[in-house]
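Next comes entry_12.cif, a file with mmCIF, C-alpha atoms and all ligand atoms.
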data_query
#
loop_
_atom_site.label_atom_id
_atom_site.label_comp_id
_atom_site.auth_asym_id
_atom_site.auth_seq_id
_atom_site.Cartn_x
_atom_site.Cartn_y
_atom_site.Cartn_z
CA MET A 1 0.00 0.00 0.00
CA PRO A 2 1.41 3.49 -0.84
CA ALA A 3 2.56 5.45 2.22
CA CYS A 4 0.02 8.27 1.68
CA GLU A 5 -3.12 6.07 1.49
CA VAL A 6 -5.30 6.28 4.63
CA LYS A 7 -6.31 2.90 6.06
CA SER A 8 -9.72 2.42 7.65
CA ALA A 9 -8.97 -0.66 9.83
CA ASP A 10 -7.21 -0.06 13.15
CA THR A 11 -3.75 -1.26 12.27
CA ARG A 12 -2.02 0.47 15.18
CA GLY A 13 0.56 -1.85 16.67
CA LEU A 14 0.80 -3.54 13.24
CA ALA A 15 -2.40 -5.45 14.13
CA GLY A 16 -3.25 -7.98 11.46
CA GLN A 17 -0.14 -7.21 9.39
CA THR A 18 2.09 -10.00 8.13
CA VAL A 19 5.58 -8.52 8.08
CA GLY A 20 7.91 -11.33 7.10
CA ASP A 21 8.58 -15.04 6.67
CA THR A 22 9.87 -17.49 9.25
CA SER A 23 10.57 -21.22 9.39
CA VAL A 24 10.88 -21.22 13.17
CA CYS A 25 7.25 -21.17 14.22
CA SER A 26 3.69 -21.06 13.01
CA VAL A 27 0.71 -19.75 14.99
CA ASN A 28 -2.99 -20.04 14.25
CA GLN A 29 -6.18 -19.97 16.34
CA THR A 30 -5.83 -23.58 17.47
CA GLN A 31 -2.17 -24.47 17.06
CA LEU A 32 1.29 -23.28 18.04
CA ILE A 33 3.88 -25.16 16.01
CA TYR A 34 7.66 -25.09 16.57
CA ARG A 35 9.42 -26.19 13.38
CA GLY A 36 6.62 -28.62 12.52
CA TYR A 37 5.84 -29.91 16.03
CA GLU A 38 2.68 -28.84 17.89
CA ILE A 39 3.09 -27.38 21.37
CA ALA A 40 0.83 -29.91 23.15
CA ASP A 41 2.89 -32.74 21.62
CA LEU A 42 6.14 -31.08 22.73
CA ALA A 43 4.86 -30.30 26.25
CA ALA A 44 3.75 -33.91 26.69
CA ASN A 45 6.67 -35.71 25.09
CA ALA A 46 9.80 -33.55 24.84
CA THR A 47 12.21 -31.95 27.29
CA PHE A 48 13.16 -28.28 27.19
CA GLU A 49 16.68 -29.22 26.05
CA GLU A 50 15.18 -31.13 23.09
CA VAL A 51 12.91 -28.20 22.22
CA ALA A 52 15.81 -25.75 22.49
CA PHE A 53 17.87 -27.87 20.09
CA LEU A 54 14.87 -28.12 17.73
CA LEU A 55 14.53 -24.33 17.65
CA LEU A 56 18.24 -23.53 17.39
CA ALA A 57 19.43 -26.31 15.07
CA GLY A 58 16.20 -26.62 13.08
CA HIS A 59 15.48 -30.33 13.54
CA LYS A 60 14.67 -32.90 16.22
CA PRO A 61 17.97 -34.02 17.80
CA SER A 62 19.36 -37.52 17.49
CA ALA A 63 20.48 -39.10 20.77
CA ASP A 64 24.11 -38.12 20.04
CA GLU A 65 23.20 -34.57 19.06
CA LEU A 66 21.16 -34.16 22.22
CA ALA A 67 23.94 -35.51 24.42
CA GLU A 68 26.45 -33.12 22.84
CA PHE A 69 24.05 -30.16 23.14
CA ASP A 70 23.25 -30.99 26.76
CA GLN A 71 26.93 -31.26 27.63
CA ALA A 72 27.69 -27.94 25.92
CA LEU A 73 24.95 -26.29 27.98
CA LYS A 74 26.32 -27.74 31.21
CA ASP A 75 29.90 -26.75 30.29
CA ASN A 76 28.88 -23.14 29.72
CA ARG A 77 26.78 -22.40 32.80
CA SER A 78 29.40 -20.55 34.77
CA VAL A 79 29.71 -16.76 34.55
CA GLU A 80 32.90 -14.83 35.37
CA SER A 81 32.92 -13.83 39.04
CA SER A 82 33.71 -10.20 38.12
CA ILE A 83 30.27 -10.10 36.42
CA LEU A 84 28.51 -11.93 39.25
CA ASP A 85 30.02 -9.49 41.74
CA VAL A 86 28.39 -6.58 39.86
CA ILE A 87 25.04 -8.40 39.61
CA GLU A 88 25.06 -9.16 43.33
CA ARG A 89 25.83 -5.54 44.14
CA ILE A 90 23.18 -3.96 41.91
CA ALA A 91 20.60 -6.54 43.07
CA VAL A 92 20.56 -5.01 46.53
CA GLU A 93 21.66 -1.42 45.99
CA PRO A 94 19.09 -0.08 45.31
CA ALA A 95 16.93 -3.06 46.26
CA ASP A 96 13.98 -2.20 44.03
CA VAL A 97 15.65 -2.46 40.60
CA HIS A 98 13.61 -4.90 38.54
CA PRO A 99 15.39 -8.23 37.91
CA MET A 100 14.68 -7.81 34.17
CA SER A 101 16.82 -4.67 34.18
CA ILE A 102 19.53 -6.51 36.10
CA LEU A 103 19.38 -9.42 33.66
CA ARG A 104 19.62 -7.02 30.71
CA THR A 105 22.73 -5.51 32.30
CA GLY A 106 24.07 -9.03 32.94
CA ILE A 107 23.72 -10.02 29.27
CA SER A 108 25.39 -6.79 28.28
CA MET A 109 28.36 -7.55 30.56
CA VAL A 110 28.52 -11.16 29.37
CA SER A 111 28.76 -9.88 25.78
CA HIS A 112 32.02 -8.05 26.54
CA LEU A 113 33.70 -11.31 27.55
CA ASP A 114 32.22 -13.48 24.79
CA PRO A 115 35.11 -14.15 22.39
CA GLU A 116 32.72 -14.30 19.41
CA CYS A 117 30.52 -11.34 20.35
CA GLU A 118 31.03 -9.52 17.03
CA ASP A 119 30.99 -12.65 14.85
CA ASN A 120 27.61 -12.97 13.10
CA SER A 121 28.47 -16.16 11.21
CA ALA A 122 26.00 -19.05 11.57
CA ASP A 123 28.45 -21.29 13.45
CA ALA A 124 29.44 -18.57 15.92
CA GLU A 125 25.81 -17.60 16.50
CA TYR A 126 24.87 -21.21 17.27
CA ARG A 127 27.67 -21.39 19.85
CA LYS A 128 26.68 -18.02 21.29
CA SER A 129 23.05 -19.19 21.60
CA ILE A 130 24.19 -22.12 23.73
CA ARG A 131 26.36 -19.88 25.90
CA LEU A 132 23.54 -17.39 26.41
CA MET A 133 21.01 -20.10 27.21
CA ALA A 134 23.42 -21.78 29.66
CA LYS A 135 24.38 -18.58 31.51
CA ILE A 136 20.97 -16.95 31.97
CA PRO A 137 19.96 -19.12 34.99
CA THR A 138 23.30 -18.23 36.61
CA LEU A 139 22.64 -14.52 36.12
CA ILE A 140 19.09 -14.89 37.48
CA GLY A 141 20.41 -16.75 40.53
CA ALA A 142 23.09 -14.13 41.16
CA CYS A 143 20.34 -11.51 41.35
CA GLN A 144 18.03 -13.49 43.64
CA ALA A 145 20.54 -14.96 46.13
CA PRO A 146 21.55 -11.65 47.79
CA ARG A 147 17.92 -10.53 47.85
CA ASP A 148 17.17 -13.66 49.88
CA GLY A 149 20.25 -13.10 52.06
CA ARG A 150 21.92 -16.22 50.64
CA SER A 151 25.40 -16.77 49.19
CA ARG A 152 25.62 -17.56 45.49
CA VAL A 153 25.48 -21.23 44.52
CA GLU A 154 27.48 -22.86 41.73
CA PRO A 155 25.62 -24.32 38.74
CA ASP A 156 25.10 -28.07 39.15
CA ALA A 157 26.09 -30.17 36.12
CA SER A 158 24.09 -33.13 37.41
CA LEU A 159 20.85 -31.16 36.96
CA SER A 160 18.74 -30.59 33.86
CA HIS A 161 18.31 -27.05 32.58
CA ALA A 162 14.98 -26.61 34.42
CA ALA A 163 16.26 -28.13 37.67
CA ASN A 164 19.44 -26.05 37.56
CA LEU A 165 17.35 -22.90 37.01
CA LEU A 166 15.31 -23.70 40.15
CA TRP A 167 18.51 -24.50 42.06
CA MET A 168 20.13 -21.19 41.06
CA LEU A 169 16.93 -19.28 41.90
CA THR A 170 16.13 -20.82 45.27
CA GLY A 171 19.34 -22.45 46.55
CA LYS A 172 17.34 -25.68 47.01
CA LYS A 173 17.50 -28.85 44.93
CA PRO A 174 13.99 -29.18 43.44
CA GLU A 175 11.69 -32.22 43.68
CA SER A 176 11.17 -34.00 40.37
CA ILE A 177 7.61 -32.71 39.98
CA ALA A 178 8.77 -29.09 40.42
CA THR A 179 11.41 -29.69 37.76
CA LYS A 180 8.79 -31.15 35.43
CA VAL A 181 6.45 -28.18 35.89
CA MET A 182 9.29 -25.73 35.25
CA ASP A 183 10.42 -27.74 32.20
CA VAL A 184 6.90 -27.65 30.71
CA SER A 185 6.62 -23.90 31.32
CA LEU A 186 9.96 -23.35 29.57
CA ILE A 187 8.74 -25.38 26.57
CA LEU A 188 5.52 -23.35 26.40
CA TYR A 189 7.33 -20.01 26.60
CA ALA A 190 10.15 -20.82 24.16
CA GLU A 191 8.81 -19.41 20.91
CA HIS A 192 5.89 -17.48 19.40
CA ASP A 193 6.73 -16.14 15.92
CA PHE A 194 6.77 -12.32 15.57
CA ASN A 195 5.77 -11.40 19.12
CA ALA A 196 6.98 -7.97 20.28
CA SER A 197 10.27 -9.08 21.83
CA THR A 198 11.25 -11.41 18.98
CA PHE A 199 10.38 -8.75 16.43
CA THR A 200 12.51 -6.28 18.39
CA SER A 201 15.42 -8.74 18.32
CA ARG A 202 15.00 -9.22 14.58
CA VAL A 203 14.93 -5.47 13.94
CA ILE A 204 18.20 -5.08 15.85
CA ALA A 205 19.77 -8.08 14.10
CA SER A 206 18.68 -6.69 10.72
CA THR A 207 21.07 -3.74 11.08
CA ASN A 208 23.93 -6.30 11.22
CA SER A 209 24.21 -5.72 14.94
CA ASP A 210 25.29 -8.64 17.13
CA MET A 211 23.28 -11.35 18.90
CA HIS A 212 23.88 -10.05 22.44
CA SER A 213 22.64 -6.57 21.47
CA ALA A 214 19.55 -8.10 19.88
CA VAL A 215 18.90 -10.15 23.03
CA CYS A 216 19.25 -7.06 25.25
CA GLY A 217 16.60 -5.39 23.09
CA GLY A 218 14.39 -8.47 23.38
CA ILE A 219 14.66 -8.34 27.17
CA GLY A 220 13.62 -4.69 27.12
CA ALA A 221 10.54 -5.51 25.03
CA LEU A 222 9.60 -8.57 27.08
CA LYS A 223 9.74 -6.63 30.34
CA GLY A 224 6.57 -4.62 29.66
CA ASN A 225 3.31 -5.80 31.24
CA LEU A 226 1.49 -6.02 27.91
CA HIS A 227 3.99 -8.75 26.96
CA GLY A 228 6.12 -10.98 29.23
CA GLY A 229 5.72 -8.76 32.28
CA ALA A 230 2.09 -9.90 32.36
CA ASN A 231 2.99 -13.10 34.25
CA GLU A 232 4.07 -10.95 37.22
CA ALA A 233 1.21 -8.50 36.74
CA ALA A 234 -1.32 -11.37 36.66
CA MET A 235 -0.08 -12.67 40.02
CA ASP A 236 -0.02 -9.15 41.49
CA MET A 237 -3.60 -8.67 40.30
CA LEU A 238 -4.73 -11.95 41.89
CA ALA A 239 -3.03 -10.93 45.14
CA ASP A 240 -4.92 -7.61 45.02
CA ILE A 241 -8.22 -9.42 44.46
CA MET A 242 -7.46 -11.88 47.27
CA ASN A 243 -6.59 -9.01 49.59
CA ASP A 244 -9.55 -6.79 48.68
CA THR A 245 -12.06 -9.63 49.04
CA SER A 246 -10.58 -11.30 52.12
CA ASP A 247 -12.73 -9.47 54.70
CA SER A 248 -15.92 -10.01 52.65
CA SER A 249 -16.41 -6.26 52.20
CA MET A 250 -16.23 -6.86 48.45
CA THR A 251 -16.92 -9.90 46.27
CA VAL A 252 -14.77 -11.02 43.36
CA GLU A 253 -17.68 -10.13 41.07
CA GLU A 254 -17.70 -6.57 42.46
CA TRP A 255 -13.90 -6.28 42.13
CA MET A 256 -14.12 -7.32 38.50
CA GLN A 257 -17.07 -4.98 37.82
CA ASN A 258 -15.05 -2.06 39.21
CA ALA A 259 -12.19 -2.98 36.90
CA PHE A 260 -14.56 -3.12 33.90
CA ASN A 261 -16.16 0.22 34.86
CA GLU A 262 -12.72 1.82 35.10
CA LYS A 263 -11.75 0.19 31.78
CA ARG A 264 -8.74 -1.43 33.41
CA LYS A 265 -6.89 -4.17 31.57
CA LEU A 266 -6.97 -7.48 33.42
CA MET A 267 -3.49 -8.90 33.34
CA GLY A 268 -3.00 -12.33 31.83
CA PHE A 269 -6.08 -12.00 29.62
CA GLY A 270 -6.45 -11.35 25.91
CA HIS A 271 -4.07 -11.94 23.05
CA ARG A 272 -3.25 -10.24 19.77
CA VAL A 273 -3.48 -13.52 17.84
CA TYR A 274 -5.60 -15.95 19.86
CA LYS A 275 -9.20 -14.76 20.04
CA ASN A 276 -10.73 -18.02 21.28
CA GLY A 277 -8.13 -18.84 23.93
CA ASP A 278 -4.42 -19.54 24.23
CA HIS A 279 -4.09 -23.32 24.48
CA ARG A 280 -0.74 -22.96 26.28
CA ALA A 281 -2.76 -21.61 29.22
CA GLY A 282 -4.70 -24.87 29.67
CA ILE A 283 -1.53 -26.97 29.54
CA LEU A 284 0.27 -24.85 32.14
CA ARG A 285 -2.78 -24.62 34.42
CA GLU A 286 -3.03 -28.42 34.44
CA TRP A 287 0.63 -28.85 35.46
CA GLY A 288 0.53 -26.03 38.00
CA LEU A 289 -2.61 -27.45 39.60
CA LYS A 290 -1.11 -30.96 39.68
CA TYR A 291 1.96 -29.63 41.52
CA CYS A 292 -0.27 -27.62 43.86
CA GLU A 293 -2.51 -30.57 44.75
CA GLU A 294 0.45 -32.90 45.32
CA VAL A 295 2.90 -30.58 47.07
CA GLU A 296 1.24 -27.32 48.18
CA PRO A 297 -2.49 -28.06 48.73
CA ASP A 298 -2.90 -24.93 50.88
CA LYS A 299 -2.15 -22.80 47.82
CA LYS A 300 -5.09 -24.23 45.85
CA VAL A 301 -7.09 -21.14 46.89
CA TRP A 302 -5.11 -19.27 44.22
CA PHE A 303 -6.19 -21.65 41.48
CA ASP A 304 -9.81 -21.46 42.76
CA LEU A 305 -9.65 -17.67 42.66
CA GLY A 306 -8.07 -17.81 39.19
CA ASP A 307 -10.90 -20.02 37.95
CA GLU A 308 -13.50 -17.59 39.33
CA VAL A 309 -11.79 -14.58 37.71
CA GLN A 310 -11.46 -16.48 34.44
CA GLY A 311 -15.14 -17.44 34.51
CA ILE A 312 -16.30 -13.85 35.09
CA MET A 313 -13.99 -12.53 32.37
CA HIS A 314 -15.32 -15.07 29.91
CA ARG A 315 -18.97 -14.44 30.80
CA GLU A 316 -18.74 -10.62 30.80
CA LYS A 317 -16.14 -9.90 28.12
CA ASP A 318 -15.65 -13.14 26.19
CA ILE A 319 -11.91 -12.70 26.75
CA HIS A 320 -9.76 -15.75 27.56
CA PRO A 321 -6.62 -16.14 29.68
CA ASN A 322 -3.26 -16.21 27.95
CA VAL A 323 -0.33 -18.35 29.15
CA ASP A 324 0.78 -15.65 31.61
CA PHE A 325 -2.35 -16.11 33.75
CA PRO A 326 -1.74 -19.71 34.93
CA CYS A 327 1.99 -18.97 34.91
CA GLY A 328 1.56 -16.48 37.75
CA MET A 329 -0.24 -19.03 39.96
CA THR A 330 2.11 -21.83 38.99
CA TYR A 331 5.36 -19.99 39.73
CA PHE A 332 3.83 -18.64 42.95
CA THR A 333 2.98 -22.17 44.03
CA LEU A 334 6.55 -23.21 43.20
CA GLY A 335 7.70 -20.58 45.70
CA ILE A 336 9.39 -18.30 43.16
CA PRO A 337 9.52 -14.56 44.01
CA VAL A 338 7.12 -12.68 41.70
CA PRO A 339 9.74 -10.28 40.19
CA GLN A 340 11.63 -13.31 38.83
CA TYR A 341 8.72 -14.60 36.71
CA THR A 342 9.62 -12.56 33.63
CA PRO A 343 13.36 -13.36 33.88
CA ILE A 344 12.32 -17.05 33.81
CA PHE A 345 10.42 -16.23 30.61
CA VAL A 346 13.78 -14.92 29.26
CA ALA A 347 15.45 -18.20 30.28
CA SER A 348 13.05 -19.89 27.89
CA ARG A 349 12.46 -17.32 25.11
CA ILE A 350 16.22 -16.92 24.62
CA THR A 351 15.92 -20.00 22.40
CA GLY A 352 13.26 -18.45 20.17
CA TRP A 353 15.07 -15.12 20.03
CA CYS A 354 18.37 -16.73 19.04
CA ALA A 355 16.67 -18.90 16.39
CA HIS A 356 15.10 -15.76 14.89
CA ILE A 357 18.31 -13.73 15.08
CA MET A 358 20.12 -16.53 13.20
CA GLU A 359 17.30 -16.72 10.65
CA GLN A 360 17.42 -12.94 10.17
CA HIS A 361 21.19 -12.90 9.66
CA ALA A 362 21.03 -15.85 7.25
CA ASN A 363 18.81 -13.91 4.81
CA ASN A 364 19.13 -10.32 5.86
CA ARG A 365 17.59 -7.13 4.64
CA ILE A 366 17.33 -4.21 7.03
CA ILE A 367 13.85 -3.93 8.62
CA ARG A 368 12.81 -0.39 7.89
CA PRO A 369 9.06 0.12 7.32
CA LEU A 370 7.33 3.37 6.31
CA ALA A 371 5.28 5.70 8.49
CA GLN A 372 2.01 7.42 7.63
CA TYR A 373 2.73 11.13 8.21
CA ALA A 374 0.12 12.82 10.44
CA GLY A 375 1.88 16.13 11.29
CA PRO A 376 1.43 19.74 10.16
CA ASP A 377 1.53 20.86 6.50
CA LEU A 378 4.78 22.14 5.10
CA MET A 379 5.77 25.58 6.51
CA SER A 380 8.59 28.02 5.90
CA TRP A 381 10.98 28.39 8.88
CA CYS A 382 11.39 32.15 8.27
CA ASP A 383 7.69 32.93 7.69
CA SER A 384 6.25 31.12 10.68
N1 LIG B 1 -8.57 -6.77 29.93
C1 LIG B 1 -9.63 -6.03 29.58
N2 LIG B 1 -9.95 -5.76 28.29
C2 LIG B 1 -9.16 -6.28 27.35
C3 LIG B 1 -8.06 -7.10 27.65
C4 LIG B 1 -7.78 -7.32 29.00
N3 LIG B 1 -6.71 -8.07 29.37
N4 LIG B 1 -7.46 -7.49 26.52
C5 LIG B 1 -8.18 -6.93 25.50
N5 LIG B 1 -9.18 -6.22 26.01
C6 LIG B 1 -10.14 -5.45 25.26
C7 LIG B 1 -9.49 -4.22 24.66
O1 LIG B 1 -9.50 -3.13 25.56
C8 LIG B 1 -10.34 -3.98 23.45
O2 LIG B 1 -11.53 -3.36 23.86
P1 LIG B 1 -12.17 -2.18 22.99
O3 LIG B 1 -12.46 -2.79 21.66
O4 LIG B 1 -13.38 -1.79 23.78
O5 LIG B 1 -11.12 -1.13 22.94
C9 LIG B 1 -10.69 -5.37 22.99
O6 LIG B 1 -10.58 -6.21 24.14
C10 LIG B 1 -9.82 -5.93 21.90
O7 LIG B 1 -8.49 -5.86 22.29
P2 LIG B 1 -7.39 -6.36 21.27
O8 LIG B 1 -7.41 -5.52 20.05
O9 LIG B 1 -7.60 -7.81 21.08
O10 LIG B 1 -6.05 -6.12 22.06
P3 LIG B 1 -4.59 -6.00 21.45
O11 LIG B 1 -4.38 -7.03 20.41
O12 LIG B 1 -4.32 -4.61 21.04
O13 LIG B 1 -3.71 -6.30 22.73
C11 LIG B 1 -2.95 -7.56 24.55
C12 LIG B 1 -3.40 -7.61 23.10
C13 LIG B 1 -1.82 -6.53 24.71
C14 LIG B 1 -2.40 -8.93 24.94
C15 LIG B 1 -4.14 -7.19 25.45
O14 LIG B 1 -5.09 -8.22 25.39
C16 LIG B 1 -3.72 -6.92 26.87
O15 LIG B 1 -3.33 -5.80 27.20
N6 LIG B 1 -3.78 -7.95 27.77
C17 LIG B 1 -3.31 -7.80 29.13
C18 LIG B 1 -1.80 -7.94 29.19
C19 LIG B 1 -1.38 -9.36 28.94
O16 LIG B 1 -1.91 -10.30 29.50
N7 LIG B 1 -0.35 -9.52 28.09
C20 LIG B 1 0.24 -10.83 27.80
C21 LIG B 1 0.09 -11.20 26.37
S1 LIG B 1 0.66 -12.85 26.03
C22 LIG B 1 2.35 -12.73 26.08
O17 LIG B 1 2.93 -11.72 25.83
C23 LIG B 1 3.09 -13.96 26.45
#

Can you dump the structure from the file as structure tokens?
Ligand code: ACO
Amino acid sequence: MPACEVKSADTRGLAGQTVGDTSVCSVNQTQLIYRGYEIADLAANATFEEVAFLLLAGHKPSADELAEFDQALKDNRSVESSILDVIERIAVEPADVHPMSILRTGISMVSHLDPECEDNSADAEYRKSIRLMAKIPTLIGACQAPRDGRSRVEPDASLSHAANLLWMLTGKKPESIATKVMDVSLILYAEHDFNASTFTSRVIASTNSDMHSAVCGGIGALKGNLHGGANEAAMDMLADIMNDTSDSSMTVEEWMQNAFNEKRKLMGFGHRVYKNGDHRAGILREWGLKYCEEVEPDKKVWFDLGDEVQGIMHREKDIHPNVDFPCGMTYFTLGIPVPQYTPIFVASRITGWCAHIMEQHANNRIIRPLAQYAGPDLMSWCDS
């Protein structure tokens, strides 16, 4: 369409626009497909390491390929102590800096010590993807440990990626069901075609900038509460509802009606693509609830409240939960501090971002769309 033609549909935010090709992922109303494999199939039958290999290498791994990939991840988990020292310091001074900002800074520091930082060749980018994926749990742990008053723990090569992430985050070796729930959540969060953070990463990569810079941009885009930050915002919202309704002075129905009257967005609901529901949400709710019933039955009140909120939202607005809604309850039940929910999303989505950055660099043309001008008519500087 020519730049000067006025469009009637609301295409703000590029709504409904197809802006490029990808072989990494396909999304439609009923399916989310990573390189030919549907998400429910992957969540039921694959591990996060297998899914990460699928996304980064482009095919399902053989047993040997998986073993090599897994070993490379384990070999690259450590982060230079000079970097961890900085993370630990900025995690507590000031104490309210968001962990996503700290993680963004951590990736930036890691880039300076990556020997292939400026090498955008396919082989170097594959190796950098593994290093980034391996180190992110270590950076997340270095932020959380001092906030909990704990000393940093070393990555544990006997643990899977999901279990090591929980170990770094909490300083406790997780039970197998906690590891499974985390693993499934990482699979569900790994990739989603041209979502805002992936698109941001691709725009940065398209200028021939490097992978670490593109990932820092992705973290910045994911942080917002309309995107990845919604998993924290959803849990905060549920905590507000629980608090405001606890003394029976207000019902959940009334809380929701107030939100509708004030035209507030309910966090963890709605989706740009899925209009009849995000099927990742059902998968994660099932695993979160299973963990809750088996390990933390007292926390089931959160799932009950979530179901009530979800029911009212559906009845009144016909809007469904997205994956961030059950994620909030699930990570809460796992005992993870709320501000670390979105960094965990990074620990997963790093795979999708890196796959897209590699795809962009393999067939690059700078991403530079046009804008529809809506400013004043042409004026003379001297006459006005
Ligand atoms: N709460 C209340 N109303 C909503 C919500 C919501 N969560 N989501 C959409 N709506 C309303 C909109 O206000 C709009 O109403 P209107 O027509 O009266 O203006 C209508 O539903 C249609 O909205 P969309 O055009 O579908 O919204 P859009 O595609 O622009 O935004 C988004 C999608 C950002 C996800 C939005 O639904 C939202 O803000 N949700 C809450 C934040 C959230 O959960 N984000 C996570 C997304 S998933 C992810 O990133 C992993």

Can I get the residues of chain A within 9 Å of ligand LIG 1 (chain B), each with the closest pair of atoms and their distance in Å to one decimal, using all atoms listed in the file, sorted chain first then ascending number, as CSV?
residue,atom,partner,partner_atom,distance
A:Asp10,CA,B:LIG1,O8,8.8
A:Arg12,CA,B:LIG1,O12,8.1
A:Gly13,CA,B:LIG1,O12,7.1
A:Ala15,CA,B:LIG1,O11,6.8
A:Tyr189,CA,B:LIG1,C23,7.4
A:His192,CA,B:LIG1,C23,8.4
A:Asn195,CA,B:LIG1,O17,7.3
A:Ala196,CA,B:LIG1,O17,7.8
A:Ser197,CA,B:LIG1,O17,8.8
A:Leu222,CA,B:LIG1,O17,7.5
A:Gly224,CA,B:LIG1,N7,8.6
A:Asn225,CA,B:LIG1,C18,5.9
A:Leu226,CA,B:LIG1,N7,4.0
A:His227,CA,B:LIG1,O17,3.3
A:Gly228,CA,B:LIG1,O17,4.7
A:Gly229,CA,B:LIG1,C20,7.4
A:Ala230,CA,B:LIG1,C19,4.9
A:Asn231,CA,B:LIG1,C20,7.4
A:Ala233,CA,B:LIG1,O16,8.1
A:Ala234,CA,B:LIG1,O16,7.3
A:Ala259,CA,B:LIG1,C1,8.3
A:Phe260,CA,B:LIG1,C1,7.2
A:Lys263,CA,B:LIG1,C1,6.9
A:Arg264,CA,B:LIG1,C1,6.1
A:Lys265,CA,B:LIG1,N1,3.5
A:Leu266,CA,B:LIG1,N1,3.9
A:Met267,CA,B:LIG1,C17,4.4
A:Gly268,CA,B:LIG1,O16,3.3
A:Phe269,CA,B:LIG1,N3,4.0
A:Gly270,CA,B:LIG1,O14,3.5
A:His271,CA,B:LIG1,C14,3.9
A:Arg272,CA,B:LIG1,O11,3.5
A:Val273,CA,B:LIG1,O11,7.0
A:Tyr274,CA,B:LIG1,O9,8.5
A:Lys275,CA,B:LIG1,O9,7.2
A:Asp278,CA,B:LIG1,S1,8.6
A:Met313,CA,B:LIG1,N1,8.3
A:Lys317,CA,B:LIG1,N2,7.4
A:Asp318,CA,B:LIG1,O6,8.8
A:Ile319,CA,B:LIG1,C3,6.9
A:His320,CA,B:LIG1,N3,8.5
A:Pro321,CA,B:LIG1,O16,7.5
A:Asn322,CA,B:LIG1,S1,5.5
A:Val323,CA,B:LIG1,C23,6.2
A:Asp324,CA,B:LIG1,C23,5.9
A:Phe325,CA,B:LIG1,O16,7.2
A:Phe345,CA,B:LIG1,C23,8.7

Those same residues, written as an mmCIF file, in the frame of the given file with C-alpha atoms?
data_model
loop_
_atom_site.group_PDB
_atom_site.id
_atom_site.type_symbol
_atom_site.label_atom_id
_atom_site.label_comp_id
_atom_site.auth_asym_id
_atom_site.auth_seq_id
_atom_site.Cartn_x
_atom_site.Cartn_y
_atom_site.Cartn_z
ATOM 1 C CA ASP A 10 -7.210 -0.060 13.150
ATOM 2 C CA ARG A 12 -2.020 0.470 15.180
ATOM 3 C CA GLY A 13 0.560 -1.850 16.670
ATOM 4 C CA ALA A 15 -2.400 -5.450 14.130
ATOM 5 C CA TYR A 189 7.330 -20.010 26.600
ATOM 6 C CA HIS A 192 5.890 -17.480 19.400
ATOM 7 C CA ASN A 195 5.770 -11.400 19.120
ATOM 8 C CA ALA A 196 6.980 -7.970 20.280
ATOM 9 C CA SER A 197 10.270 -9.080 21.830
ATOM 10 C CA LEU A 222 9.600 -8.570 27.080
ATOM 11 C CA GLY A 224 6.570 -4.620 29.660
ATOM 12 C CA ASN A 225 3.310 -5.800 31.240
ATOM 13 C CA LEU A 226 1.490 -6.020 27.910
ATOM 14 C CA HIS A 227 3.990 -8.750 26.960
ATOM 15 C CA GLY A 228 6.120 -10.980 29.230
ATOM 16 C CA GLY A 229 5.720 -8.760 32.280
ATOM 17 C CA ALA A 230 2.090 -9.900 32.360
ATOM 18 C CA ASN A 231 2.990 -13.100 34.250
ATOM 19 C CA ALA A 233 1.210 -8.500 36.740
ATOM 20 C CA ALA A 234 -1.320 -11.370 36.660
ATOM 21 C CA ALA A 259 -12.190 -2.980 36.900
ATOM 22 C CA PHE A 260 -14.560 -3.120 33.900
ATOM 23 C CA LYS A 263 -11.750 0.190 31.780
ATOM 24 C CA ARG A 264 -8.740 -1.430 33.410
ATOM 25 C CA LYS A 265 -6.890 -4.170 31.570
ATOM 26 C CA LEU A 266 -6.970 -7.480 33.420
ATOM 27 C CA MET A 267 -3.490 -8.900 33.340
ATOM 28 C CA GLY A 268 -3.000 -12.330 31.830
ATOM 29 C CA PHE A 269 -6.080 -12.000 29.620
ATOM 30 C CA GLY A 270 -6.450 -11.350 25.910
ATOM 31 C CA HIS A 271 -4.070 -11.940 23.050
ATOM 32 C CA ARG A 272 -3.250 -10.240 19.770
ATOM 33 C CA VAL A 273 -3.480 -13.520 17.840
ATOM 34 C CA TYR A 274 -5.600 -15.950 19.860
ATOM 35 C CA LYS A 275 -9.200 -14.760 20.040
ATOM 36 C CA ASP A 278 -4.420 -19.540 24.230
ATOM 37 C CA MET A 313 -13.990 -12.530 32.370
ATOM 38 C CA LYS A 317 -16.140 -9.900 28.120
ATOM 39 C CA ASP A 318 -15.650 -13.140 26.190
ATOM 40 C CA ILE A 319 -11.910 -12.700 26.750
ATOM 41 C CA HIS A 320 -9.760 -15.750 27.560
ATOM 42 C CA PRO A 321 -6.620 -16.140 29.680
ATOM 43 C CA ASN A 322 -3.260 -16.210 27.950
ATOM 44 C CA VAL A 323 -0.330 -18.350 29.150
ATOM 45 C CA ASP A 324 0.780 -15.650 31.610
ATOM 46 C CA PHE A 325 -2.350 -16.110 33.750
ATOM 47 C CA PHE A 345 10.420 -16.230 30.610
#

Within 9 Å of region 85-102 of chain A: each region 212-247 of chain A residue with its shortest pair, all atoms listed in the file, as CSV:
residue,atom,partner,partner_atom,distance
A:Ile219,CA,A:Met100,CA,7.0
A:Gly220,CA,A:Ser101,CA,7.8
A:Leu222,CA,A:Met100,CA,8.8
A:Lys223,CA,A:Met100,CA,6.4

Can you write out as a Markdown table which residues of region 260-355 of chain A fall within 9 Å of region 138-155 of chain A, alongside each residue's closest atom pair and its distance in Å to one decimal, counting all atoms listed in the file and ordering rows by chain and ascending residue number?
| residue | atom | partner | partner_atom | distance |
| --- | --- | --- | --- | --- |
| A:Pro337 | CA | A:Gln144 | CA | 8.6 |
| A:Gln340 | CA | A:Ile140 | CA | 7.7 |
| A:Pro343 | CA | A:Ile140 | CA | 6.9 |
| A:Ile344 | CA | A:Ile140 | CA | 8.0 |
| A:Ala347 | CA | A:Ile140 | CA | 8.7 |
